[in-house]
Structure formats: structure tokens, C-alpha cells
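Peer 1: Contents of query_12.txt (compact mmCIF, C-alpha atoms):
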```
# COMPACT_ATOMS: atom_id res chain seq x y z
CA MET A 1 24.59 66.26 102.40
CA LEU A 2 24.86 62.59 103.46
CA THR A 3 28.63 62.80 103.17
CA HIS A 4 29.15 60.94 106.46
CA LEU A 5 27.08 57.93 105.40
CA ILE A 6 29.80 55.70 103.93
CA PRO A 7 30.34 51.94 103.93
CA GLY A 8 33.28 50.11 105.37
CA GLY A 9 35.16 50.11 108.63
CA LEU A 10 33.17 49.30 111.74
CA MET A 11 29.92 50.82 110.50
CA THR A 12 27.16 48.65 109.03
CA VAL A 13 24.16 50.18 107.26
CA LEU A 14 21.04 47.99 106.97
CA ILE A 15 17.80 48.71 105.13
CA SER A 16 14.40 47.95 106.61
CA PHE A 17 10.82 48.85 105.69
CA ASP A 18 7.58 49.22 107.64
CA GLN A 19 4.77 48.34 105.23
CA ASP A 20 2.18 50.38 107.16
CA TRP A 21 -0.68 49.28 104.87
CA ALA A 22 0.97 50.76 101.76
CA PRO A 23 -0.68 49.69 98.48
CA ASP A 24 1.26 47.37 96.23
CA TYR A 25 1.92 50.03 93.61
CA MET A 26 4.10 51.75 96.22
CA MET A 27 5.86 48.57 97.31
CA THR A 28 6.49 46.94 93.93
CA PRO A 29 9.06 49.49 92.62
CA ILE A 30 11.06 49.10 95.85
CA ILE A 31 10.95 45.32 95.58
CA ASP A 32 12.09 45.59 91.96
CA ASP A 33 14.97 47.87 93.00
CA LEU A 34 16.14 45.43 95.66
CA ILE A 35 15.98 42.50 93.25
CA ARG A 36 17.91 44.45 90.62
CA CYS A 37 20.55 45.42 93.19
CA ASN A 38 20.56 41.88 94.65
CA LEU A 39 20.34 43.60 98.04
CA LYS A 40 18.90 41.99 101.14
CA SER A 41 16.45 43.87 103.35
CA THR A 42 14.09 43.32 106.27
CA TRP A 43 10.38 44.11 105.92
CA PHE A 44 7.83 44.42 108.71
CA VAL A 45 4.39 43.76 107.25
CA THR A 46 0.98 44.89 108.47
CA ASN A 47 -1.25 43.04 106.02
CA ASP A 48 -1.21 40.49 103.22
CA SER A 49 -0.95 41.40 99.55
CA PRO A 50 0.51 40.00 96.33
CA ALA A 51 3.64 42.11 96.90
CA VAL A 52 4.08 40.60 100.38
CA GLN A 53 3.67 37.09 99.01
CA ARG A 54 6.22 37.87 96.31
CA MET A 55 8.78 38.71 99.00
CA ILE A 56 7.91 35.65 101.08
CA ASP A 57 8.65 33.55 97.98
CA MET A 58 12.20 34.98 97.88
CA PRO A 59 13.56 34.33 101.40
CA TYR A 60 17.14 34.46 100.13
CA LEU A 61 16.67 38.20 99.53
CA PHE A 62 13.77 39.36 101.72
CA GLU A 63 13.53 38.84 105.47
CA VAL A 64 9.79 39.26 106.07
CA GLY A 65 8.80 39.98 109.65
CA ILE A 66 5.65 41.36 111.25
CA HIS A 67 4.55 44.88 112.20
CA PRO A 68 1.78 44.40 114.78
CA ASN A 69 -0.45 47.31 115.78
CA PHE A 70 -1.25 46.83 119.47
CA LEU A 71 -2.81 50.27 119.82
CA PRO A 72 -6.56 50.71 120.47
CA ASP A 73 -8.91 50.03 117.53
CA SER A 74 -6.31 47.98 115.67
CA THR A 75 -7.55 46.59 112.37
CA GLN A 76 -5.33 43.52 112.85
CA GLY A 77 -7.34 41.92 115.65
CA ARG A 78 -9.32 42.46 118.83
CA ASP A 79 -6.52 41.61 121.26
CA MET A 80 -2.82 40.79 121.40
CA SER A 81 -3.31 37.09 120.74
CA GLU A 82 -5.57 37.62 117.72
CA ILE A 83 -3.22 40.24 116.27
CA MET A 84 -0.21 37.93 116.57
CA ASN A 85 -2.06 34.93 115.15
CA ASN A 86 -3.43 36.93 112.22
CA LEU A 87 0.00 38.25 111.27
CA LEU A 88 1.71 34.90 111.71
CA SER A 89 -0.89 33.33 109.43
CA ILE A 90 0.51 35.64 106.73
CA VAL A 91 4.17 35.09 107.62
CA PRO A 92 4.31 31.73 109.45
CA ASN A 93 8.11 31.69 109.53
CA ALA A 94 8.55 35.25 110.76
CA LYS A 95 11.48 35.75 113.12
CA CYS A 96 11.62 39.56 113.24
CA VAL A 97 9.19 42.09 114.70
CA ARG A 98 8.90 45.85 114.88
CA THR A 99 5.76 47.07 116.62
CA HIS A 100 3.67 49.81 115.04
CA ARG A 101 4.66 53.20 116.47
CA ALA A 102 7.30 51.32 118.49
CA TYR A 103 4.69 50.47 121.14
CA GLN A 104 6.24 48.11 123.69
CA HIS A 105 6.44 47.02 127.30
CA HIS A 106 8.18 44.15 129.05
CA THR A 107 5.17 41.82 129.25
CA LEU A 108 4.31 42.41 125.60
CA LEU A 109 7.85 41.58 124.49
CA ALA A 110 7.84 38.44 126.63
CA ILE A 111 4.68 37.27 124.84
CA ILE A 112 6.23 38.08 121.46
CA ALA A 113 9.27 35.97 122.38
CA ASP A 114 6.96 33.15 123.43
CA TYR A 115 5.53 33.11 119.88
CA GLY A 116 8.96 32.18 118.54
CA LEU A 117 10.08 35.59 117.32
CA GLU A 118 13.84 36.07 117.69
CA VAL A 119 14.62 39.68 116.75
CA ASP A 120 12.90 42.88 117.87
CA SER A 121 13.59 46.28 116.29
CA SER A 122 11.10 48.43 118.18
CA ILE A 123 13.61 50.78 119.79
CA TYR A 124 14.40 54.06 118.02
CA LEU A 125 17.78 55.61 118.90
CA GLY A 126 17.90 58.53 116.51
CA GLU A 127 21.39 58.99 115.06
CA MET A 128 23.03 57.41 118.12
CA GLN A 129 26.55 56.09 117.60
CA HIS A 130 27.86 52.66 118.58
CA ILE A 131 24.51 50.83 118.36
CA ARG A 132 24.92 47.07 118.87
CA PRO A 133 22.48 44.15 119.16
CA PHE A 134 21.76 42.97 122.68
CA ASP A 135 19.81 40.07 124.17
CA VAL A 136 16.95 40.39 126.65
CA TRP A 137 15.86 37.19 128.44
CA TYR A 138 12.26 36.85 129.63
CA ASP A 139 12.57 33.43 131.24
CA ASP A 140 15.00 30.53 131.13
CA ILE A 141 14.04 29.69 127.55
CA HIS A 142 12.74 32.76 125.72
CA HIS A 143 14.69 35.84 124.73
CA LEU A 144 14.82 38.46 121.99
CA THR A 145 17.83 39.94 120.27
CA ARG A 146 16.99 43.63 120.23
CA ILE A 147 18.37 45.70 117.35
CA PRO A 148 17.47 49.40 117.63
CA TYR A 149 16.96 51.43 114.48
CA PHE A 150 19.10 54.48 113.84
CA TRP A 151 17.02 56.53 111.38
CA SER A 152 13.47 56.87 110.12
CA GLU A 153 12.09 59.40 107.67
CA GLU A 154 9.10 59.88 109.98
CA SER A 155 11.47 61.51 112.48
CA GLU A 156 13.65 63.15 109.83
CA LEU A 157 10.66 64.97 108.31
CA HIS A 158 9.88 66.68 111.60
CA LYS A 159 13.28 68.41 111.67
CA PRO A 160 13.49 72.12 110.78
CA ARG A 161 15.88 71.21 107.93
CA PRO A 162 15.27 67.55 107.01
CA PHE A 163 18.00 65.69 105.15
CA PHE A 164 20.46 68.54 105.71
CA ASN A 165 23.86 67.26 106.82
CA PRO A 166 22.83 64.71 109.46
CA ASP A 167 25.50 63.32 111.77
CA TRP A 168 26.15 59.82 110.43
CA GLY A 169 29.61 59.48 111.95
CA GLY A 170 30.73 56.87 114.42
CA CYS A 171 30.77 53.11 114.55
CA GLY A 172 28.01 50.56 115.01
CA LEU A 173 24.81 49.53 113.29
CA LYS A 174 22.86 52.04 111.23
CA VAL A 175 19.44 50.45 110.67
CA LEU A 176 17.38 52.67 108.37
CA ALA A 177 13.59 52.39 108.70
CA PHE A 178 11.77 53.44 105.52
CA HIS A 179 8.04 53.51 104.76
CA PRO A 180 7.02 52.73 101.16
CA VAL A 181 4.56 55.62 101.09
CA HIS A 182 7.31 58.15 101.81
CA VAL A 183 9.70 56.56 99.32
CA PHE A 184 6.96 56.72 96.68
CA LEU A 185 6.14 60.36 97.48
CA ASN A 186 9.81 61.35 97.86
CA SER A 187 8.57 63.03 101.03
CA CYS A 188 10.63 66.04 102.07
CA THR A 189 7.67 67.38 104.08
CA PHE A 190 4.44 65.78 105.29
CA ARG A 191 2.29 67.75 102.83
CA GLY A 192 1.77 65.03 100.22
CA TYR A 193 1.32 62.35 102.85
CA ARG A 194 -1.35 64.38 104.64
CA VAL A 195 -3.26 64.80 101.40
CA LEU A 196 -3.19 61.04 100.85
CA ARG A 197 -4.30 60.37 104.42
CA ARG A 198 -7.15 62.84 104.05
CA ASN A 199 -8.28 61.26 100.77
CA GLY A 200 -7.71 57.71 102.03
CA LEU A 201 -4.39 56.00 101.28
CA ASN A 202 -5.99 52.80 100.00
CA ARG A 203 -8.76 54.66 98.19
CA THR A 204 -6.26 56.64 96.10
CA ASP A 205 -5.02 55.06 92.88
CA GLU A 206 -1.46 55.36 91.63
CA LEU A 207 -2.27 58.25 89.28
CA GLY A 208 -3.84 60.24 92.08
CA ALA A 209 -0.96 59.48 94.45
CA ARG A 210 1.60 60.63 91.90
CA GLU A 211 0.10 64.11 92.08
CA CYS A 212 1.43 64.27 95.65
CA ILE A 213 5.06 63.43 94.82
CA GLU A 214 7.52 66.08 96.04
CA SER A 215 10.42 67.29 93.91
CA TRP A 216 13.12 68.43 96.39
CA PHE A 217 15.75 66.25 98.04
CA GLY A 218 13.55 63.86 100.00
CA THR A 219 13.00 60.30 101.10
CA ARG A 220 13.27 58.77 97.63
CA ARG A 221 16.63 60.40 96.99
CA PHE A 222 17.90 59.30 100.39
CA TYR A 223 16.64 55.75 99.78
CA GLU A 224 18.45 55.62 96.42
CA HIS A 225 21.68 56.61 98.15
CA ALA A 226 21.10 53.98 100.85
CA LEU A 227 20.83 51.29 98.16
CA GLU A 228 24.38 52.11 97.11
CA ILE A 229 26.01 51.78 100.52
CA ALA A 230 23.90 49.28 102.51
CA ALA A 231 25.35 45.98 103.65
CA ASN A 232 23.84 42.91 101.99
CA LYS A 233 22.41 41.58 105.26
CA THR A 234 19.13 41.28 107.12
CA LEU A 235 18.49 42.03 110.78
CA LEU A 236 18.15 38.31 111.48
CA GLU A 237 21.57 37.68 109.95
CA ILE A 238 23.08 40.36 112.20
CA ALA A 239 21.46 38.70 115.22
CA LEU A 240 22.83 35.28 114.20
CA GLU A 241 26.30 36.76 113.74
CA LYS A 242 26.12 38.05 117.30
CA LYS A 243 25.32 34.57 118.61
CA ASP A 244 28.23 33.07 116.68
CA SER A 245 30.76 35.65 117.84
```
I'd like the structure from this file rewritten - as C-alpha cells, please.
Peer 2:
Amino acid sequence: MLTHLIPGGLMTVLISFDQDWAPDYMMTPIIDDLIRCNLKSTWFVTNDSPAVQRMIDMPYLFEVGIHPNFLPDSTQGRDMSEIMNNLLSIVPNAKCVRTHRAYQHHTLLAIIADYGLEVDSSIYLGEMQHIRPFDVWYDDIHHLTRIPYFWSEESELHKPRPFFNPDWGGCGLKVLAFHPVHVFLNSCTFRGYRVLRRNGLNRTDELGARECIESWFGTRRFYEHALEIAANKTLLEIALEKKDS
């Protein structure tokens, strides 16, 4: 299990997180872990909170980007412009974006680039080898460096045998996309998460959420392993390395 996920050579493992409206009691232990490990990561935030502000105050360790929800009935704003402005009021210096549910189209990405974002990670290429950053130009001035993500527990948990001997071989970038709620629950199925969703994620206190934690090999265990082998880089740093090469 996970035996192919090793550091070194031409493979680079990066850690990223989609906040997805997780309460701070789910985010804070992860932030503490990353500080203790002195490990850089990239976060895509959906809403403001003390935990988000804590990360913004440590830019040397946390690359804080935005996670806009452009789907109908978004709680982040009434239209694309309001959603972008609301999120950028939380993270004014954001350079990275991953759209909620990876929703994207060419015009949308052109507008995102026009806001000054530099890196997009809204493409999911599940366990594909040889992933590399690439640039997409939308006019003579604006472009995005697109960095696909390689793994997400939201896809892993749909497999018949999640976390069982995935194919991590090959070269290239391995961007891991975690969600704090699944790390907290150690999700190895969607059972606990569905209970929380039914009860209301932000209406459930930490004690109530702990009753939904799963005990098998799950997301938390995988995350702990990822902390040991991840490169100490953010997605923005990878994009800048590409420009310098």
C-alpha cells in the first residue's frame, strides 16, 4: 500500500488543500502539522476564518489561493465578478486558483487571468504519469500556468477498493488535493461525511464530528504519509521554476 509513492528522482509530490467551507477545528490540526513539519503547501479557500488569516500571516509557509464556486446558487456571490471580488477581498495577494468542482471554460479562465491570478489547478488527471505545468495564453498579456492535480480523496473514495495499491509510478508532478473534512474524518468511505452533510457541516461541533471518524486506512493515514515525502514547495513556486528554466 502506497509503496510506489516515494520522493526523489524526477517525481515531485506537492500537497494542496481545498477548504470547502470546513470549520476551523478541522483546519487547525492540519495547519499545526504543516508548521511542525516546516512544510510548504497550497490552500484554496472558500471563505474567511481565523484559520485562513493565520495562514495568510505566514506566506513563507502557506500559499493561499482562492477556490471560487461558479456553480448556480453560489454562496460566494451573485455572479462571476462578485465571487472573484469577494474572494480577493479575503486574499488580496492570491496568485493561485482551483475552481470548486473543477468547473471551467475558456472565457472563465481568461477572466481569472485578467484578475491577476497566475496559476490554475482546476484540471484533474487522476494518477496520470508525466504531468508538467503548461502555459495557456488568453491574449497578448494575460496567461495562466496550469498545473493539473494528480490525486484527490474525493475520487479515491469512489473506487471499489480505495487506498489499495494505487499506481504512483512514473515521473512528473504529483499534486495531491486534500479536503480538511476528509482528513479530519479519516474518510475511507463517504459514510461519515454524508452524516455530517445531513446534519449540517457548520452546525456540527467538534465533539459531534468526532463521532463520524472512521478507523480503517483512510484519508488521514494517507495524508500523514504524504507529509513525510512531499517536496517543500508550493504550486506557485513550481510555476516560477518553469518560467526560469
Peer 1: Here is a test: counting only C-alpha atoms, which residue of A:Met11, A:Leu34, A:Met84, A:Met26 is nearest to A:Leu227?
Peer 2: A:Leu34
Peer 1: Which residues are near A:Leu235? Cut-off 12 Å, only C-alpha atoms, ignore same chain within fewer than 5 positions. Put them as a PyMOL selection string.
Peer 2: chain A and resi 12-17+40-44+62-65+95-98+118-121+132-133+145-149+173-177+240-242
Peer 1: Give me, as a PyMOL selection string, all polymer residues having an atom no more than 10 Å from A:Glu214, counting only C-alpha atoms and skipping those fewer than 2 positions away in the same chain.
Peer 2: chain A and resi 182+184-193+210-212+216-220
Peer 1: What is the distance, in Å and to one decimal place, between atom CA of A:Leu125 and atom CA of A:Tyr138?
Peer 2: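 Between atom CA of A:Leu125 and atom CA of A:Tyr138 the gap is 22.3 Å.
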Peer 1: Here is a test: counting all atoms listed in the file, which residue of A:Tyr60, A:Tyr25, A:Phe134, A:Tyr115 is nearest to A:Lys233?
Peer 2: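 The closest residue to A:Lys233 is A:Tyr60.
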Peer 1: Could you rebuild stretch 172-197 of chain A with N, CA and C atoms and give it back as a short mmCIF file (atom, residue, chain, number, x, y, z; two decimals), keeping the file's coordinate frame?
Peer 2:
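Saved file part.cif follows:
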```
data_model
loop_
_atom_site.label_atom_id
_atom_site.label_comp_id
_atom_site.auth_asym_id
_atom_site.auth_seq_id
_atom_site.Cartn_x
_atom_site.Cartn_y
_atom_site.Cartn_z
N GLY A 172 29.21 51.27 114.61
CA GLY A 172 28.01 50.56 115.01
C GLY A 172 27.02 50.35 113.89
N LEU A 173 25.88 49.80 114.25
CA LEU A 173 24.81 49.53 113.29
C LEU A 173 24.03 50.79 112.97
N LYS A 174 23.70 50.94 111.69
CA LYS A 174 22.86 52.04 111.23
C LYS A 174 21.66 51.43 110.51
N VAL A 175 20.64 51.04 111.27
CA VAL A 175 19.44 50.45 110.67
C VAL A 175 18.52 51.59 110.23
N LEU A 176 18.24 51.64 108.94
CA LEU A 176 17.38 52.67 108.37
C LEU A 176 15.97 52.11 108.23
N ALA A 177 14.99 52.84 108.74
CA ALA A 177 13.59 52.39 108.70
C ALA A 177 12.81 53.27 107.73
N PHE A 178 12.54 52.73 106.55
CA PHE A 178 11.77 53.44 105.52
C PHE A 178 10.31 52.99 105.55
N HIS A 179 9.44 53.85 105.01
CA HIS A 179 8.04 53.51 104.76
C HIS A 179 7.78 53.66 103.27
N PRO A 180 7.22 52.65 102.61
CA PRO A 180 7.02 52.73 101.16
C PRO A 180 6.28 53.98 100.71
N VAL A 181 5.32 54.45 101.50
CA VAL A 181 4.56 55.62 101.09
C VAL A 181 5.46 56.84 100.97
N HIS A 182 6.43 56.99 101.88
CA HIS A 182 7.31 58.15 101.81
C HIS A 182 8.37 58.01 100.72
N VAL A 183 8.80 56.77 100.46
CA VAL A 183 9.70 56.56 99.32
C VAL A 183 8.98 56.91 98.03
N PHE A 184 7.75 56.45 97.88
CA PHE A 184 6.96 56.72 96.68
C PHE A 184 6.76 58.22 96.48
N LEU A 185 6.43 58.92 97.56
CA LEU A 185 6.14 60.36 97.48
C LEU A 185 7.41 61.22 97.47
N ASN A 186 8.58 60.60 97.66
CA ASN A 186 9.81 61.35 97.86
C ASN A 186 9.59 62.43 98.92
N SER A 187 8.97 62.05 100.02
CA SER A 187 8.57 63.03 101.03
C SER A 187 9.76 63.83 101.54
N CYS A 188 9.67 65.14 101.41
CA CYS A 188 10.63 66.04 102.07
C CYS A 188 9.88 66.91 103.08
N THR A 189 8.55 66.82 103.07
CA THR A 189 7.67 67.38 104.08
C THR A 189 6.56 66.35 104.27
N PHE A 190 5.60 66.66 105.12
CA PHE A 190 4.44 65.78 105.29
C PHE A 190 3.25 66.23 104.44
N ARG A 191 3.44 67.20 103.57
CA ARG A 191 2.29 67.75 102.83
C ARG A 191 1.60 66.71 101.97
N GLY A 192 2.38 66.02 101.11
CA GLY A 192 1.77 65.03 100.22
C GLY A 192 1.14 63.89 100.99
N TYR A 193 1.84 63.45 102.03
CA TYR A 193 1.32 62.35 102.85
C TYR A 193 0.00 62.72 103.51
N ARG A 194 -0.11 63.95 104.00
CA ARG A 194 -1.35 64.38 104.64
C ARG A 194 -2.50 64.44 103.66
N VAL A 195 -2.21 64.82 102.43
CA VAL A 195 -3.26 64.80 101.40
C VAL A 195 -3.75 63.39 101.16
N LEU A 196 -2.81 62.44 101.04
CA LEU A 196 -3.19 61.04 100.85
C LEU A 196 -3.99 60.51 102.02
N ARG A 197 -3.58 60.82 103.24
CA ARG A 197 -4.30 60.37 104.42
C ARG A 197 -5.72 60.95 104.44
#
```
